[in-house]
file run.txt (compact mmCIF, C-alpha atoms and all ligand atoms)
# COMPACT_ATOMS: atom_id res chain seq x y z
CA MET X 1 42.58 -47.68 -77.69
CA THR X 2 40.90 -50.21 -80.00
CA PRO X 3 41.88 -53.81 -79.11
CA ASP X 4 43.63 -55.85 -81.82
CA ARG X 5 41.33 -58.76 -81.19
CA LEU X 6 37.75 -57.55 -81.31
CA ARG X 7 34.96 -59.44 -79.52
CA ILE X 8 31.91 -59.10 -81.72
CA ALA X 9 28.29 -59.98 -80.88
CA MET X 10 26.54 -60.52 -84.19
CA LEU X 11 22.75 -60.66 -84.23
CA SER X 12 20.72 -62.61 -86.76
CA VAL X 13 17.49 -63.24 -84.91
CA HIS X 14 15.04 -64.33 -87.59
CA SER X 15 17.28 -66.16 -90.02
CA CYS X 16 19.83 -68.79 -89.07
CA PRO X 17 23.29 -68.48 -90.65
CA VAL X 18 23.51 -72.27 -90.79
CA GLY X 19 19.90 -72.71 -92.02
CA LYS X 20 18.79 -74.14 -95.37
CA LEU X 21 19.68 -71.65 -98.08
CA GLY X 22 17.15 -70.87 -100.76
CA SER X 23 14.22 -71.35 -98.37
CA LYS X 24 11.72 -68.57 -97.70
CA ASP X 25 13.69 -66.49 -95.18
CA THR X 26 17.21 -67.82 -95.62
CA GLY X 27 19.32 -66.43 -98.42
CA GLY X 28 21.97 -63.82 -99.01
CA MET X 29 21.89 -62.34 -95.51
CA SER X 30 22.67 -65.71 -93.93
CA VAL X 31 25.50 -66.28 -96.38
CA TYR X 32 26.83 -62.78 -95.67
CA ILE X 33 26.83 -63.29 -91.89
CA ARG X 34 28.36 -66.77 -92.06
CA GLU X 35 31.15 -65.79 -94.46
CA LEU X 36 31.94 -62.51 -92.74
CA ALA X 37 32.08 -64.20 -89.32
CA ARG X 38 34.40 -66.92 -90.63
CA GLU X 39 36.72 -64.38 -92.18
CA LEU X 40 36.76 -62.18 -89.06
CA GLY X 41 37.54 -65.31 -87.01
CA ARG X 42 40.42 -66.20 -89.35
CA MET X 43 41.75 -62.67 -88.84
CA GLY X 44 41.89 -63.33 -85.08
CA HIS X 45 38.72 -61.54 -83.96
CA SER X 46 36.09 -63.52 -82.10
CA VAL X 47 32.51 -63.63 -83.32
CA ASP X 48 29.41 -65.00 -81.60
CA ILE X 49 26.34 -64.99 -83.84
CA TYR X 50 23.13 -65.09 -81.86
CA THR X 51 20.03 -66.50 -83.52
CA ARG X 52 16.78 -68.15 -82.53
CA ALA X 53 16.72 -71.97 -82.42
CA HIS X 54 14.81 -72.79 -85.60
CA ASP X 55 14.90 -76.57 -85.43
CA PRO X 56 14.63 -78.99 -82.48
CA ALA X 57 17.75 -80.71 -83.86
CA ASP X 58 19.82 -77.49 -83.54
CA ASP X 59 22.76 -77.80 -81.14
CA GLN X 60 22.95 -74.75 -78.92
CA ILE X 61 26.44 -73.93 -80.16
CA VAL X 62 27.65 -74.59 -83.69
CA GLU X 63 31.30 -73.89 -84.44
CA LEU X 64 31.67 -72.09 -87.78
CA GLY X 65 35.45 -72.08 -87.87
CA GLU X 66 38.31 -70.49 -85.98
CA ASN X 67 36.94 -68.02 -83.37
CA ALA X 68 33.45 -67.97 -84.89
CA ARG X 69 30.35 -69.73 -83.67
CA VAL X 70 26.55 -69.65 -83.91
CA ILE X 71 24.61 -69.62 -80.64
CA HIS X 72 20.99 -70.79 -80.83
CA LEU X 73 18.70 -69.41 -78.14
CA GLN X 74 15.33 -70.94 -77.37
CA VAL X 75 12.83 -68.14 -77.97
CA GLY X 76 9.18 -68.99 -78.60
CA ASP X 77 8.30 -72.26 -80.30
CA VAL X 78 11.02 -74.03 -82.26
CA GLU X 79 9.35 -73.73 -85.62
CA ARG X 80 9.00 -71.19 -88.36
CA MET X 81 7.46 -68.05 -86.97
CA HIS X 82 5.96 -65.25 -88.98
CA LYS X 83 8.19 -62.20 -88.54
CA LEU X 84 5.43 -60.26 -86.78
CA VAL X 85 4.93 -63.12 -84.31
CA LEU X 86 8.66 -63.14 -83.74
CA TYR X 87 8.51 -59.39 -83.11
CA ALA X 88 6.49 -60.13 -79.97
CA HIS X 89 9.34 -62.37 -78.74
CA LEU X 90 12.19 -59.89 -79.24
CA ALA X 91 12.31 -58.86 -75.57
CA ASP X 92 12.69 -62.58 -74.71
CA MET X 93 15.49 -62.82 -77.24
CA ALA X 94 17.33 -59.86 -75.68
CA CYS X 95 16.91 -61.32 -72.15
CA SER X 96 17.98 -64.86 -73.16
CA LEU X 97 21.01 -63.44 -74.89
CA GLU X 98 21.92 -61.43 -71.81
CA ASN X 99 21.47 -64.50 -69.56
CA PHE X 100 23.68 -66.54 -71.85
CA ARG X 101 26.33 -63.82 -71.90
CA LYS X 102 26.36 -63.45 -68.13
CA GLY X 103 26.22 -67.22 -67.52
CA ASN X 104 29.23 -67.71 -69.78
CA ASN X 105 31.09 -64.66 -68.55
CA LEU X 106 31.34 -63.09 -72.02
CA GLN X 107 32.15 -59.47 -72.87
CA TYR X 108 31.78 -57.82 -76.26
CA ASP X 109 33.39 -54.73 -77.76
CA LEU X 110 30.60 -54.10 -80.23
CA ILE X 111 27.29 -55.29 -81.64
CA HIS X 112 26.74 -55.90 -85.35
CA SER X 113 23.05 -56.47 -86.07
CA HIS X 114 21.44 -57.65 -89.30
CA TYR X 115 17.86 -56.80 -90.38
CA TRP X 116 15.36 -54.70 -88.44
CA LEU X 117 14.34 -57.45 -85.98
CA SER X 118 17.94 -57.94 -84.85
CA GLY X 119 18.38 -54.18 -84.87
CA TRP X 120 15.58 -53.92 -82.27
CA VAL X 121 17.44 -56.36 -80.00
CA GLY X 122 20.72 -54.53 -80.67
CA ARG X 123 19.19 -51.19 -79.64
CA HIS X 124 18.49 -52.63 -76.21
CA LEU X 125 21.84 -54.37 -75.83
CA GLN X 126 23.78 -51.23 -76.81
CA GLY X 127 22.30 -49.49 -73.77
CA TRP X 128 22.82 -52.42 -71.39
CA TRP X 129 26.42 -53.03 -72.47
CA ASP X 130 27.40 -49.47 -73.34
CA VAL X 131 29.11 -50.56 -76.57
CA PRO X 132 28.70 -49.31 -80.15
CA HIS X 133 26.02 -50.83 -82.32
CA ILE X 134 26.58 -51.15 -86.05
CA THR X 135 23.64 -52.23 -88.15
CA MET X 136 22.90 -53.50 -91.64
CA PHE X 137 19.34 -53.55 -92.93
CA HIS X 138 19.75 -55.97 -95.87
CA THR X 139 16.28 -54.91 -97.10
CA LEU X 140 14.23 -51.82 -96.26
CA GLY X 141 10.51 -52.01 -95.55
CA ALA X 142 9.75 -48.59 -97.06
CA VAL X 143 11.56 -49.45 -100.30
CA LYS X 144 9.76 -52.79 -100.60
CA ASN X 145 6.45 -50.97 -100.16
CA ALA X 146 7.39 -48.37 -102.76
CA ILE X 147 8.12 -51.16 -105.27
CA GLY X 148 4.76 -52.75 -104.40
CA ILE X 149 5.50 -56.35 -105.42
CA GLY X 150 4.63 -59.16 -103.01
CA GLU X 151 3.32 -58.76 -99.46
CA ASP X 152 3.13 -55.24 -98.02
CA GLU X 153 5.51 -54.59 -95.16
CA PRO X 154 3.75 -53.41 -91.99
CA GLU X 155 4.09 -49.81 -90.82
CA LEU X 156 5.53 -51.23 -87.59
CA ARG X 157 8.62 -52.34 -89.47
CA VAL X 158 9.12 -48.94 -91.08
CA VAL X 159 8.73 -47.20 -87.71
CA ARG X 160 11.24 -49.53 -86.04
CA GLU X 161 13.68 -49.10 -88.93
CA ARG X 162 13.44 -45.32 -88.59
CA GLU X 163 14.21 -45.57 -84.85
CA LEU X 164 17.14 -47.85 -85.54
CA VAL X 165 18.52 -45.43 -88.13
CA SER X 166 18.66 -42.65 -85.57
CA GLU X 167 19.81 -44.68 -82.55
CA CYS X 168 22.53 -47.01 -83.85
CA HIS X 169 26.12 -45.78 -84.06
CA ARG X 170 26.74 -46.61 -87.70
CA ILE X 171 24.90 -48.07 -90.67
CA ILE X 172 26.65 -50.21 -93.25
CA ALA X 173 24.92 -50.17 -96.64
CA ALA X 174 25.81 -52.55 -99.47
CA THR X 175 25.53 -49.91 -102.23
CA GLU X 176 25.32 -46.15 -102.79
CA LYS X 177 21.70 -46.77 -103.83
CA GLU X 178 20.89 -48.28 -100.41
CA LYS X 179 22.57 -45.28 -98.78
CA GLU X 180 20.39 -42.93 -100.83
CA ASP X 181 17.28 -44.95 -99.94
CA LEU X 182 18.16 -44.68 -96.24
CA ALA X 183 18.47 -40.92 -96.59
CA ARG X 184 15.35 -40.56 -98.73
CA TYR X 185 12.91 -42.84 -96.92
CA TYR X 186 14.27 -42.67 -93.36
CA GLY X 187 15.96 -39.27 -93.14
CA ALA X 188 19.30 -40.95 -92.31
CA ALA X 189 22.29 -38.60 -92.15
CA ARG X 190 24.60 -39.62 -95.00
CA GLU X 191 27.73 -39.18 -92.88
CA ARG X 192 26.51 -41.97 -90.56
CA ILE X 193 26.34 -44.48 -93.42
CA SER X 194 29.31 -46.35 -94.89
CA VAL X 195 29.08 -48.30 -98.10
CA VAL X 196 30.78 -51.72 -98.10
CA PRO X 197 29.84 -54.19 -100.84
CA CYS X 198 29.12 -57.87 -100.27
CA GLY X 199 31.64 -60.63 -100.90
CA VAL X 200 31.96 -64.02 -102.57
CA ASN X 201 33.71 -67.20 -101.47
CA LEU X 202 36.28 -67.52 -104.26
CA SER X 203 37.50 -70.92 -103.02
CA LEU X 204 34.05 -72.48 -103.23
CA PHE X 205 32.80 -70.72 -106.36
CA ARG X 206 35.13 -71.92 -109.13
CA SER X 207 34.32 -73.20 -112.58
CA VAL X 208 33.89 -76.90 -113.24
CA ASP X 209 34.20 -78.25 -116.81
CA LYS X 210 30.82 -77.46 -118.46
CA GLU X 211 30.25 -80.89 -120.01
CA THR X 212 31.19 -82.67 -116.76
CA ALA X 213 28.84 -80.41 -114.80
CA ARG X 214 25.98 -81.02 -117.27
CA ARG X 215 26.48 -84.78 -117.25
CA HIS X 216 26.55 -84.80 -113.47
CA LEU X 217 23.28 -82.83 -113.30
CA GLY X 218 21.64 -84.76 -116.12
CA PHE X 219 21.26 -81.71 -118.40
CA ASN X 220 22.13 -82.36 -121.99
CA GLY X 221 21.57 -80.98 -125.42
CA SER X 222 20.05 -77.60 -124.88
CA SER X 223 21.43 -74.24 -123.79
CA ILE X 224 20.93 -73.59 -120.10
CA VAL X 225 19.59 -70.41 -118.55
CA LEU X 226 19.90 -70.44 -114.77
CA PHE X 227 18.07 -68.69 -111.95
CA VAL X 228 19.30 -69.16 -108.36
CA GLY X 229 17.60 -67.66 -105.32
CA ARG X 230 14.72 -67.63 -102.92
CA VAL X 231 11.47 -68.13 -104.85
CA ASP X 232 9.90 -64.83 -103.90
CA PRO X 233 7.80 -62.46 -106.07
CA LEU X 234 10.47 -59.74 -105.69
CA LYS X 235 12.96 -61.97 -107.51
CA GLY X 236 11.15 -61.33 -110.82
CA ILE X 237 11.16 -64.98 -111.94
CA ASP X 238 7.88 -64.20 -113.71
CA ARG X 239 9.70 -61.73 -115.98
CA LEU X 240 12.28 -64.35 -116.81
CA PHE X 241 9.48 -66.78 -117.69
CA MET X 242 7.95 -64.14 -119.94
CA ALA X 243 11.32 -63.72 -121.66
CA MET X 244 11.54 -67.45 -122.44
CA PRO X 245 9.10 -68.03 -125.34
CA GLY X 246 11.21 -66.01 -127.80
CA LEU X 247 14.35 -67.96 -126.88
CA ASP X 248 12.50 -71.24 -126.84
CA ARG X 249 11.46 -70.88 -130.45
CA GLU X 250 15.00 -70.13 -131.59
CA ARG X 251 16.66 -73.19 -130.13
CA GLY X 252 16.37 -75.72 -127.34
CA VAL X 253 16.74 -73.66 -124.20
CA ARG X 254 16.21 -75.06 -120.71
CA LEU X 255 15.49 -72.74 -117.79
CA VAL X 256 16.67 -74.18 -114.49
CA VAL X 257 15.21 -72.57 -111.36
CA VAL X 258 17.25 -73.31 -108.23
CA GLY X 259 15.71 -72.42 -104.86
CA GLY X 260 12.36 -72.67 -103.11
CA ASP X 261 11.33 -75.14 -100.41
CA ASP X 262 7.87 -76.26 -99.23
CA GLU X 263 7.11 -72.85 -97.79
CA CYS X 264 7.58 -71.28 -101.23
CA GLN X 265 5.02 -73.70 -102.73
CA PRO X 266 2.34 -71.04 -103.45
CA GLU X 267 4.85 -69.01 -105.47
CA VAL X 268 6.17 -72.16 -107.21
CA GLU X 269 2.57 -73.04 -108.17
CA ARG X 270 1.97 -69.52 -109.49
CA LEU X 271 5.08 -69.86 -111.65
CA GLN X 272 4.10 -73.34 -112.82
CA SER X 273 0.76 -72.06 -114.00
CA LEU X 274 2.47 -69.08 -115.69
CA SER X 275 4.79 -71.54 -117.49
CA GLN X 276 1.73 -73.41 -118.77
CA SER X 277 0.04 -70.28 -120.00
CA LEU X 278 3.28 -69.36 -121.83
CA SER X 279 3.62 -72.96 -123.13
CA ILE X 280 7.14 -73.24 -121.76
CA GLN X 281 6.38 -75.84 -119.06
CA ASP X 282 8.45 -78.52 -120.81
CA SER X 283 11.50 -76.26 -120.91
CA VAL X 284 11.52 -75.34 -117.22
CA THR X 285 13.09 -77.41 -114.44
CA PHE X 286 12.35 -76.54 -110.81
CA ALA X 287 15.39 -77.97 -109.01
CA GLY X 288 14.33 -76.91 -105.48
CA THR X 289 16.91 -75.76 -102.95
CA VAL X 290 20.50 -76.81 -103.63
CA ARG X 291 23.33 -76.82 -101.09
CA GLN X 292 25.91 -74.13 -101.78
CA GLU X 293 28.63 -76.76 -102.18
CA GLU X 294 26.71 -78.08 -105.23
CA LEU X 295 26.02 -74.69 -106.79
CA PRO X 296 29.33 -74.39 -108.69
CA LEU X 297 28.08 -77.32 -110.81
CA TYR X 298 24.89 -75.42 -111.69
CA TYR X 299 26.68 -72.15 -112.44
CA SER X 300 29.26 -74.00 -114.55
CA ALA X 301 26.62 -75.99 -116.44
CA ALA X 302 24.76 -72.79 -117.35
CA ASP X 303 25.40 -70.59 -120.38
CA VAL X 304 24.00 -67.60 -118.56
CA CYS X 305 22.73 -66.84 -115.08
CA VAL X 306 19.85 -64.35 -114.91
CA VAL X 307 19.03 -61.99 -112.03
CA PRO X 308 15.63 -60.62 -113.10
CA SER X 309 14.79 -59.06 -109.68
CA TYR X 310 12.54 -56.10 -108.94
CA TYR X 311 14.62 -55.44 -105.80
CA GLU X 312 17.94 -56.64 -104.45
CA THR X 313 20.07 -55.10 -101.76
CA PHE X 314 23.16 -56.49 -103.45
CA GLY X 315 22.69 -59.80 -105.29
CA LEU X 316 25.22 -62.43 -104.20
CA VAL X 317 24.11 -64.85 -106.89
CA ALA X 318 25.62 -62.64 -109.59
CA LEU X 319 29.00 -62.63 -107.83
CA GLU X 320 28.88 -66.43 -107.45
CA SER X 321 28.04 -66.99 -111.12
CA LEU X 322 30.80 -64.66 -112.29
CA ALA X 323 33.30 -66.33 -109.92
CA CYS X 324 32.42 -69.58 -111.75
CA GLY X 325 33.11 -67.87 -115.09
CA THR X 326 29.46 -67.74 -116.22
CA PRO X 327 28.12 -64.40 -117.53
CA VAL X 328 25.15 -62.69 -115.92
CA VAL X 329 22.14 -60.90 -117.36
CA THR X 330 20.53 -58.69 -114.77
CA THR X 331 18.09 -55.91 -114.12
CA ARG X 332 19.56 -52.70 -112.64
CA VAL X 333 19.16 -53.65 -108.99
CA GLY X 334 21.35 -53.79 -105.88
CA GLY X 335 25.06 -53.84 -106.59
CA MET X 336 24.67 -55.00 -110.20
CA GLU X 337 25.85 -51.76 -111.82
CA SER X 338 29.19 -52.10 -110.05
CA VAL X 339 29.51 -55.84 -110.73
CA VAL X 340 28.26 -56.37 -114.30
CA LEU X 341 30.29 -54.67 -117.02
CA GLN X 342 28.18 -54.22 -120.10
CA GLY X 343 29.18 -56.68 -122.85
CA GLN X 344 32.19 -57.91 -120.88
CA ASN X 345 30.98 -60.24 -118.14
CA GLY X 346 27.28 -59.93 -118.97
CA TYR X 347 24.53 -57.42 -119.59
CA LEU X 348 22.50 -54.98 -117.55
CA VAL X 349 19.11 -54.61 -119.20
CA SER X 350 18.21 -51.03 -119.94
CA ASP X 351 14.70 -51.38 -118.60
CA ASN X 352 13.21 -54.38 -116.89
CA ALA X 353 11.03 -55.53 -119.79
CA PRO X 354 11.05 -59.28 -120.55
CA ALA X 355 11.80 -58.53 -124.21
CA HIS X 356 15.04 -56.80 -123.25
CA LEU X 357 16.01 -59.62 -120.90
CA ALA X 358 15.40 -61.99 -123.82
CA ASP X 359 17.59 -59.91 -126.20
CA SER X 360 20.52 -59.98 -123.77
CA ILE X 361 20.14 -63.68 -123.02
CA ALA X 362 19.87 -64.44 -126.75
CA SER X 363 23.03 -62.53 -127.56
CA LEU X 364 24.98 -64.65 -125.04
CA LEU X 365 23.39 -67.91 -126.19
CA SER X 366 23.68 -67.31 -129.91
CA ASN X 367 27.46 -67.46 -129.89
CA PRO X 368 28.96 -68.38 -126.54
CA ASP X 369 32.46 -68.56 -128.03
CA ALA X 370 32.26 -64.96 -129.16
CA ARG X 371 31.74 -63.71 -125.63
CA ALA X 372 33.77 -60.60 -124.98
CA GLN X 373 35.56 -62.27 -122.08
CA SER X 374 36.85 -65.73 -121.29
CA ALA X 375 35.69 -67.62 -118.20
CA GLU X 376 38.99 -66.70 -116.50
CA ALA X 377 38.49 -63.01 -117.24
CA ILE X 378 34.88 -63.18 -116.03
CA ARG X 379 36.10 -64.70 -112.76
CA ALA X 380 38.85 -62.08 -112.46
CA SER X 381 36.20 -59.34 -112.73
CA VAL X 382 34.99 -60.23 -109.20
CA SER X 383 38.30 -60.99 -107.47
CA ARG X 384 38.08 -57.70 -105.56
CA PHE X 385 34.97 -59.06 -103.80
CA SER X 386 36.94 -61.72 -101.86
CA TRP X 387 35.74 -62.04 -98.26
CA SER X 388 39.16 -61.08 -96.96
CA ASN X 389 38.87 -57.70 -98.77
CA ILE X 390 35.35 -57.16 -97.51
CA ALA X 391 36.15 -58.20 -93.91
CA ASN X 392 39.08 -55.75 -93.88
CA LYS X 393 36.71 -52.96 -94.86
CA ILE X 394 34.25 -53.99 -92.15
CA VAL X 395 37.00 -54.05 -89.50
CA ALA X 396 37.98 -50.54 -90.59
CA GLU X 397 34.36 -49.50 -89.86
CA TYR X 398 34.39 -51.21 -86.46
CA THR X 399 37.67 -49.52 -85.57
CA ALA X 400 36.42 -46.09 -86.66
CA VAL X 401 33.23 -46.41 -84.60
CA LEU X 402 35.10 -47.64 -81.52
CA GLY X 403 37.54 -44.73 -81.90
CA THR X 404 34.71 -42.19 -82.14
CA GLN X 405 32.96 -43.62 -79.10
CA ALA X 406 36.18 -43.67 -77.07
CA ALA X 407 36.87 -40.03 -78.02
CA LYS X 408 33.34 -39.04 -76.92
CA ALA X 409 33.77 -40.83 -73.59
CA SER X 410 37.11 -39.17 -72.76
N1 LIG U 1 21.29 -70.19 -102.34
C1 LIG U 1 21.64 -71.50 -102.07
N2 LIG U 1 20.80 -72.50 -102.47
C2 LIG U 1 19.63 -72.27 -103.10
C3 LIG U 1 19.28 -70.93 -103.40
C4 LIG U 1 20.13 -69.91 -103.00
O1 LIG U 1 22.70 -71.76 -101.49
O2 LIG U 1 18.92 -73.22 -103.40
C5 LIG U 1 22.19 -69.09 -101.89
C6 LIG U 1 22.99 -68.48 -103.02
O3 LIG U 1 24.18 -69.20 -103.21
C7 LIG U 1 23.25 -67.06 -102.49
C8 LIG U 1 22.06 -66.78 -101.59
O4 LIG U 1 21.40 -68.02 -101.36
O5 LIG U 1 24.45 -67.01 -101.74
C9 LIG U 1 21.09 -65.78 -102.18
O6 LIG U 1 21.65 -64.51 -102.06
P1 LIG U 1 21.20 -63.23 -102.89
O7 LIG U 1 21.96 -62.06 -102.36
O8 LIG U 1 21.35 -63.48 -104.35
O9 LIG U 1 19.63 -63.09 -102.61
P2 LIG U 1 18.81 -62.81 -101.25
O10 LIG U 1 18.51 -64.14 -100.63
O11 LIG U 1 19.67 -61.95 -100.36
O12 LIG U 1 17.58 -62.12 -101.71
call {"tool": "encode", "arguments": {"input": "run.txt", "output": "structure tokens", "more": "lines below"}}
Ligand code: UDP
result
Amino acid sequence: MTPDRLRIAMLSVHSCPVGKLGSKDTGGMSVYIRELARELGRMGHSVDIYTRAHDPADDQIVELGENARVIHLQVGDVERMHKLVLYAHLADMACSLENFRKGNNLQYDLIHSHYWLSGWVGRHLQGWWDVPHITMFHTLGAVKNAIGIGEDEPELRVVRERELVSECHRIIAATEKEKEDLARYYGAARERISVVPCGVNLSLFRSVDKETARRHLGFNGSSIVLFVGRVDPLKGIDRLFMAMPGLDRERGVRLVVVGGDDECQPEVERLQSLSQSLSIQDSVTFAGTVRQEELPLYYSAADVCVVPSYYETFGLVALESLACGTPVVTTRVGGMESVVLQGQNGYLVSDNAPAHLADSIASLLSNPDARAQSAEAIRASVSRFSWSNIANKIVAEYTAVLGTQAAKAS
């Protein structure tokens, strides 16, 4: 029988759920893990999230909330490690985790791993502990390679992902598209994949009065187009830049780019030089990484938030913007087709051309008061993505997998 209070070992080896968001490797997946763990803890389950110590200042245990904590394990040097270097330390990670578990007399009912590196560790633990292993990929190496933007993913990753697909007990995908990609590129059996969308923190992401938000951030006068995310070539910020000159000529439009720390500097420099060649450098503000607690001000100050990505697994930023009542213009990536309702809370561009992004942005900027929906209605369009709804769906998956495993064992 499935226990009412599940003991969950969550694995997030390469990216820390309490790390700096908007930096090179820390974005939506970390938010997902942190928010899901908090919600599961509130529901009475207990969640330990295991990650690598990324900073010498990291405490070994960080409480996230009721029944949920992050456990930092010392694996390799405490500094940023390239993912392939980290790969060589995964056996250490599995052993340290097992030592910690034994030393603290912990038992888990299931493993929930995130990303292929954690999946590798989870594959070993599932055998040692004889418990089900549920995995989420967040991004897929083979799909990134098929898109061909940014660094190529090594064949090693694709091979390990394929093994994980066949050996884990269940895969949770964020969208039907991800499910199809898993079937197409990895031969995954569709009946082993469940689709559960991502969530948004509706208490944090609320609208703030636009003028107050703008004054606070020092933005005045012009219309504001916002980008929020890791500054990575796959995010398509270059396409958004290319969409700007048309808008710029029409009226004063400021593009605010939130995200990107020192490690993203090469990409920031590439974008800065693109802004110069497009003569939009005076209309672009690089705000750097911003703490999530401050982001409602940015979303509320903006007239439109743009998700110009070449690839997203879901796209949390769109949910956050909509929760703050700000419409979204997006390419057809990740979960956007289920989130953005054409002409109601934003626009999905028909192809990914900068000119079409510009048309959609312009139609929202030209007459903000004539928007099809009010800020309240825009927020209401994402209320079904509350973390409590999403966590309930995830628990239903855990329960189903535990039930199947118990039936097999009897
Ligand atoms: N984010 C943040 N500060 C920043 C940039 C991004 O807190 O400076 C957060 C943002 O709120 C969102 C996440 O990082 O929750 C990005 O998630 P998304 O799914 O949009 O992109 P991913 O990082 O998964 O590619």
call {"tool": "residues_near_ligand", "arguments": {"input": "run.txt", "ligand": "ligand LIG 1 (chain U)", "cutoff": "8 Å", "atoms": "all atoms listed in the file", "output": "PyMOL selection string"}}
result
chain X and resi 20-23+25-32+138+228-230+235+258-260+288-293+295+312-318+320
call {"tool": "closest_residue", "arguments": {"input": "run.txt", "among": "X:Arg190, X:His72, X:Arg42, X:Lys210", "to": "Phe100 (chain X)", "atoms": "only C-alpha atoms"}}
result
X:His72
call {"tool": "closest_residue", "arguments": {"input": "run.txt", "among": "X:Val195, X:Ile111, X:Ala355, X:Leu364", "to": "Gln342 (chain X)", "atoms": "only C-alpha atoms"}}
result
X:Leu364
call {"tool": "atom_distance", "arguments": {"input": "run.txt", "atom1": "CA of Arg5 (chain X)", "atom2": "CA of Leu64 (chain X)"}}
result
17.7 Å
call {"tool": "closest_residue", "arguments": {"input": "run.txt", "among": "X:Thr2, X:Ser12, X:Ser410, X:Ser321", "to": "Val200 (chain X)", "atoms": "all atoms listed in the file"}}
result
X:Ser321
call {"tool": "closest_residue", "arguments": {"input": "run.txt", "among": "X:Gly41, X:Pro132, X:Gly65, X:Gly122", "to": "Thr399 (chain X)", "atoms": "all atoms listed in the file"}}
result
X:Pro132
call {"tool": "residues_around", "arguments": {"input": "run.txt", "residues": "Ile280 (chain X)", "least_positions_apart": "2", "cutoff": "12 Å", "atoms": "only C-alpha atoms", "output": "PyMOL selection string"}}
result
chain X and resi 240-249+252-255+271-278+282-285
